[in-house]
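Report on the following structure.
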Amino acid sequence: MAGVRSLLVLLLVFQSSCLGFRSPLSVFKRFKETTRPFSDECLGTTRPVIPIDSSDFALDIRMPGVTPTQSDTYFCMSMRLPTDEEAFVIDFKPRASMDTVHHMLLFGCNMPSSTGSYWYCDEGTCIDKANILYAWARNAPPTRLPEGVGFRVGGETGSKYFVLQVHYGDISAFRDNHKDCSGVSLHLTRLPQPLIAGMYLMMSVDTVIPAGEKVVNSDISCHYKKYPMHVFAYRVHTHHLGQVVSGYRVRNEQWTLIGRQSPQLPQAFYPVEHPVDVSFGDILAARCVFTGEGRTEDTHIGGTSSDEMCNLYIMYYMEAKHAVSFMTCTQNVAPDMFRTIPPEANIPIPVKSDMVMMHGHHKGKIETESKDKTPLLQQPKREEEEVLEQDFHVEEALDWPGVYLLPGQVSAVALDPKNNLVIFHRGDHIWDGNSFDSKFVYQQRGLGPIEEDTILVIDPNNATVLQSSGKNLFYLPHGLSVDNDGNYWVTDVALHQVFKLDPNSKEGPLLILGRSMQPGSDQNHFCQPTDVAVDPDTGTIFVSDGYCNSRIMQFSPSGNFITQWGEESSGRNPKPGQFSIPHSLALVPHLDQLCVADRENGRIQCFKTDTKEFVQEIKHASFGRNVFAISYVSGLLFAVNGKPYFGDQEPVQGFVMNFSSGEIIDTFKPVRKHFDMPHDITASADGTVYVGDAHANTVWKFTSAEKMEHRSVKKAGIEAQEIKGKGSGGLNLGNFFASRKGYSRKGFDRLSTEGSDHEKDEEDGSESEEEYSAPLPAPTTSSS
């Protein structure tokens with residue numbers, strides 16, 4: 001114990017050398033502006049405090065228009081909590097993109113290192129202790145705390161300031177010298193929350209990894225002597241030598257897994273697979289497995305890249321009346337207990353070299369003094385989080401049997417919260433030239449609704465039908481999306497309506513928008529609506545309307561009309577906000593953008609969801625004359641185009657684009673069968689892509705080459721745990737190290753965070769079953 005305390009004292013000395021011993025006259029590398037004007041180039045709000053209602057407000061914490069000039073730049077800025085009363089952070093919304101920002105951290109403290117507009121984080125984050133509240137990396141979606149859970153701030157004991165730290169890794173995105181306003185928006189409430197979030201840090205302080213030793217275990221264990229806590233997420237952290245970190249609750253000699261992960265993967269928070277409660281008398285245990293191979297000297301715990309760490313962060317909530325916001329464990333009170341640790345804790349998790357996490361560090365005094373002391377292994381390739389690199393590639397999953405499902409015309413595909421594929425198809429109904437009259441009224445009502453289930457839930461691995469619904473509801477299905485709660489949002493172009501459906505209910509639609517069989521252009525009618533997108537944060541509904549209206553409509557979560565925008569385009573050079581069949585929608589929630597596949601204009605338009613301001617157009621010659629559908633995930637935009645017109649050279653194919661730059665990274669086509677009218681596309685965070693074709697009546701699955709390569713290793717008989725792709729299953733709070741008293745600031749801050757428009761041609765090669773939008777324009781357009 002004396003050695004442990006000595007090391008903790010040493011860590012405190014490190015922190016003091018970075019923070020406490022600065023002369024009042026020292027010159028900070030910081031920017032002295034005392035106001036926070038936003039750059040005109042930034043699209044963020046200029047009102048940092050936004051009232052929501054009498055008790056709630058939003059806080060917009062953004063960089064005030066910065067342009068980093070060197071890679072691996074860390075900028076910090078602070079914002080005071082706009083109330084002295086106690087408040088609770090109940091939601092976070094990142095405002096960043098991975099092609100610009102490597103990661104962000106949000107701390108709470110009482111005295112930031114500067115009150116200037118922003119400063120270099122090398123000089124510290126907070127003068128007093130800093131409580132980690134939030135972290136983000138790799139285009140993570142907004143973080144969801146469990147219902148009724150909040151981080152306590154303000155009041156007598158809570159933090160008075162928020163400090164945002166943004167790491168700009170690769171600054172190639174700043175070649176145009178634009179200004180960045182990345183940050184995070186918080187939802188706070190003054191209403192007391194019944195459950196308070198906190199962090200339990202398990203940390204080894206005395207591990208030594210002998211040089212050349214193949215396997216070294218570092219064990220941590222402590223008796224839990226507080227009121228019950230409920231674990232909902234975890235994060236692991238080591239440096240380069242860590243192989244696997246595992247955490248457990250031990251009760252009555254029974255080991256219950258909290259979480260197990262490779263520390264060489266991007267170190268996000270992950271949700272626990274099963275809820276774990278920890279009660280008085282339980283033991284919390286963790287093991288880090290290291291290797292000393294490749295080192296010529298022993299490796300110790302420390303805050304530089306040549307040192308190591310063994311950390312397990314456990315995120316929990318407790319009843320407010322008993323809440324403790326931060327707890328630590330740095331001992332091993334039950335070493336003999338580890339003889340019965342589950343064998344999984346000793347098995348390293350293999351990681352592909354291009355998925356290895358970058359462990360960045362401050363290049364300060366501590367690291368400088370140590371950098372030549374211990375020769376390192378050849379460092380893995382730095383992760384630029386660039387699935388955006390040119391070698392990103394998707395190929396058809398040739399072993400997936402779903403291509404032989406043979407439903408009706410496949411109008412839409414989507415993924416549910418369990419990552420199952422959902423297909424919306426037309427059964428025995430087709431859309432042809434006889435479907436509508438010149439006033440867009442459906443002419444085949446006598447056929448009745450489709451008598452078979454039109455919505456199929458498909459196992460993404462073996463293509464078995466897990467569930468089906470939608471019988472006797474629809475005439476001509478078109479668009480489909482699935483919200484965070486698993487509800488289906490669908491459009492029917494014959495009914496001119498939008499439906500919200502509970503997949504597990506037999507009680508009929510939860511919500512219906514539009515009037516049955518009545519086309520129109522007012523607030524209560526649609527005219528062949530094509531798609532729906534539901535904001536995951538606000539529940540706001542966006543509808544693309546459609547074949548005979550050229551507009552995007554916005555509704556409240558309960559279906560009340562809010563606004564609309566857009567107009568019909570004319571000529572060869574349509575303006576922003578003009579549409580010729582807005583056919584497909586894709587939300588980019590963390591940037592508050594809605595992108596529209598402007599089908600007949602052969603382009604993609606993106607707009608701010610709050611102001612409806614036009615943001616960008618993505619258009620390429622290789623699109624040809626049509627863009628049918630789009631899907632966004634993790635910094636990538638996926639799309640499919642239409643069949644080429646007579647004399648055109650552009651093939652029908654899929655596209656993968658860097659969302660920020662619009663650059664095409666990859667194109668893809670199926671091997672089995674061929675694209676005829678690829679009508680919809682959906683993508684998951686691990687690079688899996690599904691395309692539904694309305695003419696081939698087929699759904700294809702495409703998988704990133706990286707993922708397929710890993711699967712082939714498993715088939716070769718090598719025992720290895722499957723590595724899930726980016727964003728799969730992670731809570732994605734980001735990568736961080738809790739900056740608190742007792743830890744050296746210098747080195748630890750970064751170390752912990754890892755460190756053209758053409759007229760239609762009459763001879764378009766259309767097939768007889770091609771969909772038409774009535775009335776048929778001259779020349780004819782292909783509809784779908």
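The chains in the structure tokens are called A, B, ... from first to last as shown; in each chain the residues are counted from 1, and the ligands are counted from 1 in the order shown.
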
Near Ala233 (chain A), counting only C-alpha atoms, which residues have an atom at most 8 Å away, once you skip same-chain residues fewer than 6 positions from it, shown as a PyMOL selection string? chain A and resi 269-272+314-316+731

Residues at most 10 Å from region 518-522 of chain A, counting only C-alpha atoms, excluding those fewer than 6 positions away in the same chain, as number ranges by chain? A: 439-442, 493-497, 528-529, 545, 548-551

Write down as a ChimeraX atom specification the residues of region 423-599 of chain A whose backbone DSSP state falls under helix (DSSP H, G or I). /A:445-447,589-591,599

Got time to write the residues from that selection, all heavy atoms, as a compact mmCIF listing (two decimals), in the first residue's frame?
```txt
# COMPACT_ATOMS: atom_id res chain seq x y z
N ARG A 445 -58.30 0.81 -58.15
CA ARG A 445 -58.82 0.51 -56.82
C ARG A 445 -59.57 -0.82 -56.80
O ARG A 445 -59.69 -1.48 -55.77
CB ARG A 445 -59.75 1.62 -56.35
CG ARG A 445 -59.05 2.95 -56.16
CD ARG A 445 -59.99 4.02 -55.64
NE ARG A 445 -60.50 3.72 -54.31
CZ ARG A 445 -61.23 4.55 -53.59
NH1 ARG A 445 -61.54 5.76 -54.10
NH2 ARG A 445 -61.66 4.23 -52.39
N GLY A 446 -60.09 -1.20 -57.96
CA GLY A 446 -60.84 -2.44 -58.03
C GLY A 446 -60.02 -3.67 -57.70
O GLY A 446 -60.57 -4.72 -57.35
N LEU A 447 -58.73 -3.54 -57.80
CA LEU A 447 -57.87 -4.66 -57.43
C LEU A 447 -57.87 -4.90 -55.93
O LEU A 447 -57.51 -5.99 -55.46
CB LEU A 447 -56.43 -4.40 -57.90
CG LEU A 447 -56.20 -4.30 -59.41
CD1 LEU A 447 -54.73 -3.92 -59.69
CD2 LEU A 447 -56.53 -5.63 -60.09
N PRO A 589 -28.04 13.57 -38.52
CA PRO A 589 -28.50 14.19 -37.27
C PRO A 589 -27.47 15.06 -36.58
O PRO A 589 -27.78 16.12 -36.06
CB PRO A 589 -28.90 12.98 -36.42
CG PRO A 589 -29.16 11.88 -37.38
CD PRO A 589 -28.19 12.11 -38.50
N HIS A 590 -26.21 14.61 -36.52
CA HIS A 590 -25.22 15.35 -35.76
C HIS A 590 -24.86 16.67 -36.41
O HIS A 590 -24.28 17.55 -35.76
CB HIS A 590 -23.96 14.50 -35.55
CG HIS A 590 -23.19 14.25 -36.81
ND1 HIS A 590 -23.58 13.32 -37.74
CD2 HIS A 590 -22.06 14.81 -37.29
CE1 HIS A 590 -22.72 13.31 -38.74
NE2 HIS A 590 -21.79 14.21 -38.48
N LEU A 591 -25.20 16.85 -37.68
CA LEU A 591 -24.99 18.13 -38.36
C LEU A 591 -26.30 18.86 -38.59
O LEU A 591 -26.31 19.92 -39.23
CB LEU A 591 -24.28 17.90 -39.70
CG LEU A 591 -22.85 17.36 -39.63
CD1 LEU A 591 -22.28 17.16 -41.02
CD2 LEU A 591 -21.96 18.29 -38.82
N ARG A 599 -34.22 13.37 -57.75
CA ARG A 599 -34.02 12.28 -58.70
C ARG A 599 -33.81 12.72 -60.13
O ARG A 599 -32.79 12.43 -60.76
CB ARG A 599 -35.22 11.31 -58.62
CG ARG A 599 -34.88 9.95 -59.19
CD ARG A 599 -36.08 9.05 -59.23
NE ARG A 599 -36.86 9.25 -60.45
CZ ARG A 599 -37.89 8.49 -60.82
NH1 ARG A 599 -38.27 7.50 -60.01
NH2 ARG A 599 -38.55 8.71 -61.92
```

Would you kindly return, as a PyMOL selection string, each protein, DNA or RNA residue with an atom no farther than 6 Å from any atom of Phe655 (chain A), considering only C-alpha atoms and excluding same-chain residues fewer than 4 positions away? chain A and resi 638-639+666-667

Can you write just those residues out, N, CA and C atoms, as a PDB file, in the first residue's frame?
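Output (out25.pdb):
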```pdb
ATOM      1  N   PHE A 638     -24.245   7.025 -49.148  1.00  0.00           N
ATOM      2  CA  PHE A 638     -24.410   5.968 -50.138  1.00  0.00           C
ATOM      3  C   PHE A 638     -25.551   6.363 -51.079  1.00  0.00           C
ATOM      4  N   ALA A 639     -25.443   5.975 -52.355  1.00  0.00           N
ATOM      5  CA  ALA A 639     -26.467   6.338 -53.328  1.00  0.00           C
ATOM      6  C   ALA A 639     -26.534   5.300 -54.432  1.00  0.00           C
ATOM      7  N   ASP A 666     -16.001   5.093 -53.793  1.00  0.00           N
ATOM      8  CA  ASP A 666     -16.136   3.745 -54.343  1.00  0.00           C
ATOM      9  C   ASP A 666     -17.431   3.656 -55.134  1.00  0.00           C
ATOM     10  N   THR A 667     -17.464   2.772 -56.108  1.00  0.00           N
ATOM     11  CA  THR A 667     -18.699   2.399 -56.804  1.00  0.00           C
ATOM     12  C   THR A 667     -18.831   0.882 -56.724  1.00  0.00           C
TER      13      THR A 667
END
```

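Atom to atom, CA of Leu480 (chain A) and CA of Ser411 (chain A) stand 8.3 Å apart.
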
Could you give me, as a PyMOL selection string, the residues within 8 Å of region 415-419 of chain A, counting only C-alpha atoms and dropping anything in the same chain fewer than 2 positions from it? chain A and resi 413+421-422+460+481-486+682-684

Near Met77 (chain A), counting only C-alpha atoms, which residues have an atom at most 12 Å away, once you skip same-chain residues fewer than 3 positions from it, shown as a VMD selection string? chain A and resid 30 to 36 61 to 66 74 80 104 to 108 112 to 121 123 to 126 161 to 167 181 to 184

Taking 6 positions as the minimum chain separation for residues in the same chain, which residues sit within 8 Å of Met657 (chain A) when counting only C-alpha atoms? Answer as a list of chain:residue names.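 Within the cut-off, the hits are A:Leu388, A:Leu636, A:Leu637, A:Phe638, A:Glu663, A:Ile664, A:Ile665, A:Asp666.
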
Contacts of Pro678 (chain A) at 12 Å (only C-alpha atoms; same-chain gap of 3+ positions) as a PDB file with N, CA and C atoms, in the first residue's frame:
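File produced: selection38.pdb:
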```pdb
ATOM      1  N   GLN A 409     -42.360  -6.062 -56.397  1.00  0.00           N
ATOM      2  CA  GLN A 409     -41.511  -4.911 -56.670  1.00  0.00           C
ATOM      3  C   GLN A 409     -41.002  -4.354 -55.339  1.00  0.00           C
ATOM      4  N   VAL A 410     -39.699  -4.347 -55.170  1.00  0.00           N
ATOM      5  CA  VAL A 410     -39.112  -3.866 -53.921  1.00  0.00           C
ATOM      6  C   VAL A 410     -39.035  -2.348 -54.004  1.00  0.00           C
ATOM      7  N   SER A 411     -39.840  -1.681 -53.190  1.00  0.00           N
ATOM      8  CA  SER A 411     -39.864  -0.226 -53.237  1.00  0.00           C
ATOM      9  C   SER A 411     -38.945   0.400 -52.212  1.00  0.00           C
ATOM     10  N   ALA A 412     -38.678  -0.288 -51.086  1.00  0.00           N
ATOM     11  CA  ALA A 412     -37.871   0.333 -50.050  1.00  0.00           C
ATOM     12  C   ALA A 412     -37.209  -0.712 -49.164  1.00  0.00           C
ATOM     13  N   VAL A 413     -36.075  -0.337 -48.585  1.00  0.00           N
ATOM     14  CA  VAL A 413     -35.362  -1.167 -47.618  1.00  0.00           C
ATOM     15  C   VAL A 413     -34.898  -0.265 -46.469  1.00  0.00           C
ATOM     16  N   ASN A 626     -30.093  10.490 -63.165  1.00  0.00           N
ATOM     17  CA  ASN A 626     -30.960  10.230 -62.012  1.00  0.00           C
ATOM     18  C   ASN A 626     -30.151   9.850 -60.776  1.00  0.00           C
ATOM     19  N   VAL A 627     -30.650  10.284 -59.628  1.00  0.00           N
ATOM     20  CA  VAL A 627     -30.220   9.728 -58.345  1.00  0.00           C
ATOM     21  C   VAL A 627     -31.487   9.247 -57.654  1.00  0.00           C
ATOM     22  N   PHE A 628     -31.608   7.950 -57.493  1.00  0.00           N
ATOM     23  CA  PHE A 628     -32.845   7.377 -56.975  1.00  0.00           C
ATOM     24  C   PHE A 628     -32.932   7.393 -55.449  1.00  0.00           C
ATOM     25  N   ALA A 629     -31.851   7.017 -54.792  1.00  0.00           N
ATOM     26  CA  ALA A 629     -31.956   6.856 -53.341  1.00  0.00           C
ATOM     27  C   ALA A 629     -30.614   7.118 -52.683  1.00  0.00           C
ATOM     28  N   ILE A 630     -30.678   7.518 -51.395  1.00  0.00           N
ATOM     29  CA  ILE A 630     -29.482   7.820 -50.625  1.00  0.00           C
ATOM     30  C   ILE A 630     -29.625   7.279 -49.214  1.00  0.00           C
ATOM     31  N   ALA A 639     -25.443   5.975 -52.355  1.00  0.00           N
ATOM     32  CA  ALA A 639     -26.467   6.338 -53.328  1.00  0.00           C
ATOM     33  C   ALA A 639     -26.534   5.300 -54.432  1.00  0.00           C
ATOM     34  N   VAL A 640     -27.686   5.263 -55.098  1.00  0.00           N
ATOM     35  CA  VAL A 640     -27.838   4.486 -56.335  1.00  0.00           C
ATOM     36  C   VAL A 640     -28.446   5.401 -57.391  1.00  0.00           C
ATOM     37  N   ASN A 641     -28.006   5.207 -58.628  1.00  0.00           N
ATOM     38  CA  ASN A 641     -28.543   6.017 -59.722  1.00  0.00           C
ATOM     39  C   ASN A 641     -29.546   5.210 -60.532  1.00  0.00           C
ATOM     40  N   GLY A 642     -29.969   5.766 -61.683  1.00  0.00           N
ATOM     41  CA  GLY A 642     -30.957   5.103 -62.520  1.00  0.00           C
ATOM     42  C   GLY A 642     -30.335   4.530 -63.787  1.00  0.00           C
ATOM     43  N   LYS A 643     -31.152   3.821 -64.557  1.00  0.00           N
ATOM     44  CA  LYS A 643     -30.672   3.237 -65.803  1.00  0.00           C
ATOM     45  C   LYS A 643     -30.228   4.334 -66.761  1.00  0.00           C
ATOM     46  N   PRO A 651     -23.104   3.818 -66.239  1.00  0.00           N
ATOM     47  CA  PRO A 651     -23.820   2.590 -65.858  1.00  0.00           C
ATOM     48  C   PRO A 651     -24.675   2.805 -64.616  1.00  0.00           C
ATOM     49  N   VAL A 652     -25.639   1.919 -64.423  1.00  0.00           N
ATOM     50  CA  VAL A 652     -26.404   1.936 -63.191  1.00  0.00           C
ATOM     51  C   VAL A 652     -25.573   1.231 -62.131  1.00  0.00           C
ATOM     52  N   GLN A 653     -25.388   1.897 -60.991  1.00  0.00           N
ATOM     53  CA  GLN A 653     -24.482   1.360 -59.981  1.00  0.00           C
ATOM     54  C   GLN A 653     -24.712   2.050 -58.642  1.00  0.00           C
ATOM     55  N   GLY A 654     -24.017   1.586 -57.629  1.00  0.00           N
ATOM     56  CA  GLY A 654     -24.046   2.214 -56.321  1.00  0.00           C
ATOM     57  C   GLY A 654     -22.809   3.055 -56.109  1.00  0.00           C
ATOM     58  N   PHE A 655     -22.926   4.046 -55.220  1.00  0.00           N
ATOM     59  CA  PHE A 655     -21.840   4.966 -54.952  1.00  0.00           C
ATOM     60  C   PHE A 655     -21.611   5.083 -53.443  1.00  0.00           C
ATOM     61  N   LYS A 669     -21.400  -2.778 -57.919  1.00  0.00           N
ATOM     62  CA  LYS A 669     -22.480  -3.441 -58.659  1.00  0.00           C
ATOM     63  C   LYS A 669     -22.593  -4.871 -58.143  1.00  0.00           C
ATOM     64  N   PRO A 670     -23.738  -5.500 -58.373  1.00  0.00           N
ATOM     65  CA  PRO A 670     -23.863  -6.899 -57.954  1.00  0.00           C
ATOM     66  C   PRO A 670     -23.181  -7.838 -58.947  1.00  0.00           C
ATOM     67  N   HIS A 674     -28.353  -8.379 -62.007  1.00  0.00           N
ATOM     68  CA  HIS A 674     -27.812  -7.053 -62.284  1.00  0.00           C
ATOM     69  C   HIS A 674     -28.828  -6.009 -61.867  1.00  0.00           C
ATOM     70  N   PHE A 675     -28.331  -4.802 -61.577  1.00  0.00           N
ATOM     71  CA  PHE A 675     -29.223  -3.695 -61.265  1.00  0.00           C
ATOM     72  C   PHE A 675     -30.084  -3.377 -62.487  1.00  0.00           C
ATOM     73  N   ILE A 681     -31.795   2.242 -50.985  1.00  0.00           N
ATOM     74  CA  ILE A 681     -30.530   1.783 -50.434  1.00  0.00           C
ATOM     75  C   ILE A 681     -30.513   2.105 -48.947  1.00  0.00           C
ATOM     76  N   THR A 682     -29.919   1.226 -48.159  1.00  0.00           N
ATOM     77  CA  THR A 682     -29.732   1.496 -46.735  1.00  0.00           C
ATOM     78  C   THR A 682     -28.395   0.917 -46.319  1.00  0.00           C
ATOM     79  N   TYR A 690     -27.514  -2.557 -48.266  1.00  0.00           N
ATOM     80  CA  TYR A 690     -28.571  -3.306 -48.928  1.00  0.00           C
ATOM     81  C   TYR A 690     -29.196  -2.424 -50.008  1.00  0.00           C
ATOM     82  N   VAL A 691     -29.461  -3.026 -51.160  1.00  0.00           N
ATOM     83  CA  VAL A 691     -30.099  -2.315 -52.264  1.00  0.00           C
ATOM     84  C   VAL A 691     -31.316  -3.113 -52.714  1.00  0.00           C
ATOM     85  N   GLY A 692     -32.466  -2.435 -52.800  1.00  0.00           N
ATOM     86  CA  GLY A 692     -33.690  -3.062 -53.290  1.00  0.00           C
ATOM     87  C   GLY A 692     -34.010  -2.564 -54.684  1.00  0.00           C
ATOM     88  N   ASP A 693     -34.372  -3.483 -55.589  1.00  0.00           N
ATOM     89  CA  ASP A 693     -34.617  -3.147 -56.992  1.00  0.00           C
ATOM     90  C   ASP A 693     -36.084  -3.373 -57.328  1.00  0.00           C
ATOM     91  N   ALA A 694     -36.747  -2.330 -57.855  1.00  0.00           N
ATOM     92  CA  ALA A 694     -38.183  -2.390 -58.132  1.00  0.00           C
ATOM     93  C   ALA A 694     -38.509  -3.125 -59.421  1.00  0.00           C
ATOM     94  N   HIS A 695     -37.524  -3.363 -60.270  1.00  0.00           N
ATOM     95  CA  HIS A 695     -37.770  -4.127 -61.494  1.00  0.00           C
ATOM     96  C   HIS A 695     -37.257  -5.548 -61.394  1.00  0.00           C
ATOM     97  N   ALA A 696     -36.087  -5.705 -60.789  1.00  0.00           N
ATOM     98  CA  ALA A 696     -35.537  -7.051 -60.629  1.00  0.00           C
ATOM     99  C   ALA A 696     -36.195  -7.799 -59.475  1.00  0.00           C
ATOM    100  N   ASN A 697     -37.030  -7.083 -58.686  1.00  0.00           N
ATOM    101  CA  ASN A 697     -37.689  -7.694 -57.518  1.00  0.00           C
ATOM    102  C   ASN A 697     -36.667  -8.413 -56.639  1.00  0.00           C
ATOM    103  N   THR A 698     -35.574  -7.732 -56.379  1.00  0.00           N
ATOM    104  CA  THR A 698     -34.431  -8.349 -55.716  1.00  0.00           C
ATOM    105  C   THR A 698     -33.855  -7.407 -54.669  1.00  0.00           C
ATOM    106  N   VAL A 699     -33.301  -8.004 -53.618  1.00  0.00           N
ATOM    107  CA  VAL A 699     -32.519  -7.257 -52.633  1.00  0.00           C
ATOM    108  C   VAL A 699     -31.121  -7.862 -52.592  1.00  0.00           C
ATOM    109  N   TRP A 700     -30.117  -7.008 -52.730  1.00  0.00           N
ATOM    110  CA  TRP A 700     -28.727  -7.440 -52.638  1.00  0.00           C
ATOM    111  C   TRP A 700     -28.118  -6.965 -51.332  1.00  0.00           C
ATOM    112  N   GLU A 770     -42.070  -0.292 -66.101  1.00  0.00           N
ATOM    113  CA  GLU A 770     -41.503   0.876 -65.434  1.00  0.00           C
ATOM    114  C   GLU A 770     -42.617   1.714 -64.836  1.00  0.00           C
ATOM    115  N   SER A 783     -40.490   6.617 -63.414  1.00  0.00           N
ATOM    116  CA  SER A 783     -40.909   6.847 -62.042  1.00  0.00           C
ATOM    117  C   SER A 783     -40.651   5.617 -61.224  1.00  0.00           C
ATOM    118  N   SER A 784     -40.639   5.812 -59.953  1.00  0.00           N
ATOM    119  CA  SER A 784     -40.566   4.638 -59.110  1.00  0.00           C
ATOM    120  C   SER A 784     -40.852   4.989 -57.692  1.00  0.00           C
TER     121      SER A 784
END
```

Return the single residue from A:Thr340, A:Asn573, A:Gln564, A:Ser661 that is closest to Asp176 (chain A), with distances computed using only C-alpha atoms.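 For Asp176 (chain A), the nearest of the candidates is A:Ser661.
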
Can you measure CA of Val101 (chain A) to CA of Thr189 (chain A) for me? One decimal in Å is fine.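 According to the coordinates, CA of Val101 (chain A) and CA of Thr189 (chain A) are separated by 28.4 Å.
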
What residues in region 550-612 of chain A get the DSSP label strand (DSSP E)? Please answer as a short mmCIF file (atom, residue, chain, number, x, y, z; two decimals) with N, CA and C atoms, in the first residue's frame.
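In the end it all went to out-v6.cif:
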```cif
data_model
loop_
_atom_site.label_atom_id
_atom_site.label_comp_id
_atom_site.auth_asym_id
_atom_site.auth_seq_id
_atom_site.Cartn_x
_atom_site.Cartn_y
_atom_site.Cartn_z
N ARG A 551 -41.74 19.32 -53.11
CA ARG A 551 -41.56 19.96 -51.81
C ARG A 551 -41.16 18.95 -50.75
N ILE A 552 -40.61 19.49 -49.66
CA ILE A 552 -40.35 18.73 -48.45
C ILE A 552 -41.27 19.30 -47.38
N MET A 553 -42.01 18.45 -46.70
CA MET A 553 -42.94 18.88 -45.66
C MET A 553 -42.43 18.44 -44.29
N GLN A 554 -42.67 19.29 -43.31
CA GLN A 554 -42.23 19.00 -41.95
C GLN A 554 -43.44 18.98 -41.02
N PHE A 555 -43.48 17.94 -40.16
CA PHE A 555 -44.57 17.77 -39.21
C PHE A 555 -43.99 17.53 -37.82
N PHE A 561 -48.80 19.84 -38.98
CA PHE A 561 -48.00 20.49 -40.01
C PHE A 561 -47.20 21.64 -39.40
N ILE A 562 -45.92 21.73 -39.76
CA ILE A 562 -45.06 22.82 -39.29
C ILE A 562 -44.69 23.75 -40.43
N THR A 563 -44.09 23.21 -41.48
CA THR A 563 -43.67 24.06 -42.59
C THR A 563 -43.38 23.18 -43.80
N GLN A 564 -43.05 23.83 -44.91
CA GLN A 564 -42.65 23.13 -46.11
C GLN A 564 -41.69 24.03 -46.88
N TRP A 565 -40.90 23.41 -47.74
CA TRP A 565 -40.04 24.20 -48.63
C TRP A 565 -39.79 23.42 -49.91
N GLU A 567 -39.64 23.95 -54.54
CA GLU A 567 -40.49 24.28 -55.68
C GLU A 567 -40.03 23.47 -56.87
N GLU A 568 -40.89 23.41 -57.89
CA GLU A 568 -40.57 22.64 -59.08
C GLU A 568 -39.46 23.32 -59.86
N GLN A 578 -34.93 23.74 -55.56
CA GLN A 578 -35.83 23.30 -56.63
C GLN A 578 -35.68 21.80 -56.80
N PHE A 579 -36.80 21.13 -57.02
CA PHE A 579 -36.78 19.67 -57.13
C PHE A 579 -37.51 19.20 -58.39
N PRO A 582 -38.37 14.84 -55.65
CA PRO A 582 -37.59 14.53 -54.44
C PRO A 582 -37.94 13.10 -54.01
N HIS A 583 -37.03 12.19 -54.20
CA HIS A 583 -37.36 10.77 -54.20
C HIS A 583 -36.95 10.01 -52.95
N SER A 584 -35.91 10.50 -52.25
CA SER A 584 -35.38 9.77 -51.11
C SER A 584 -34.79 10.77 -50.13
N LEU A 585 -34.88 10.46 -48.83
CA LEU A 585 -34.39 11.35 -47.77
C LEU A 585 -33.35 10.64 -46.92
N ALA A 586 -32.37 11.42 -46.43
CA ALA A 586 -31.38 10.89 -45.50
C ALA A 586 -31.04 11.98 -44.49
N LEU A 587 -31.24 11.68 -43.23
CA LEU A 587 -30.90 12.63 -42.17
C LEU A 587 -29.44 12.47 -41.77
N VAL A 588 -28.80 13.60 -41.48
CA VAL A 588 -27.45 13.62 -40.91
C VAL A 588 -27.61 14.30 -39.55
N GLN A 593 -28.72 18.16 -40.61
CA GLN A 593 -28.95 18.30 -42.04
C GLN A 593 -29.89 17.20 -42.55
N LEU A 594 -30.66 17.56 -43.56
CA LEU A 594 -31.51 16.62 -44.26
C LEU A 594 -31.10 16.66 -45.73
N CYS A 595 -30.75 15.49 -46.25
CA CYS A 595 -30.34 15.41 -47.65
C CYS A 595 -31.46 14.77 -48.47
N VAL A 596 -31.60 15.25 -49.70
CA VAL A 596 -32.69 14.84 -50.58
C VAL A 596 -32.12 14.33 -51.90
N ALA A 597 -32.53 13.14 -52.32
CA ALA A 597 -32.19 12.66 -53.66
C ALA A 597 -33.14 13.34 -54.64
N ASP A 598 -32.64 14.36 -55.31
CA ASP A 598 -33.40 15.12 -56.31
C ASP A 598 -33.31 14.33 -57.61
N ARG A 603 -29.07 14.81 -58.78
CA ARG A 603 -28.21 15.42 -57.76
C ARG A 603 -28.75 15.13 -56.37
N ILE A 604 -27.93 15.47 -55.37
CA ILE A 604 -28.31 15.37 -53.96
C ILE A 604 -28.21 16.77 -53.38
N GLN A 605 -29.28 17.21 -52.70
CA GLN A 605 -29.27 18.51 -52.04
C GLN A 605 -29.40 18.30 -50.53
N CYS A 606 -28.64 19.09 -49.77
CA CYS A 606 -28.69 19.00 -48.32
C CYS A 606 -29.07 20.34 -47.72
N PHE A 607 -29.91 20.30 -46.67
CA PHE A 607 -30.46 21.49 -46.04
C PHE A 607 -30.34 21.39 -44.53
N LYS A 608 -30.26 22.55 -43.86
CA LYS A 608 -30.32 22.57 -42.41
C LYS A 608 -31.75 22.26 -41.98
#
```

Taking only C-alpha atoms into account, which of A:Leu81, A:Lys673, A:Pro192, A:Thr491 comes nearest Val403 (chain A)? A:Lys673
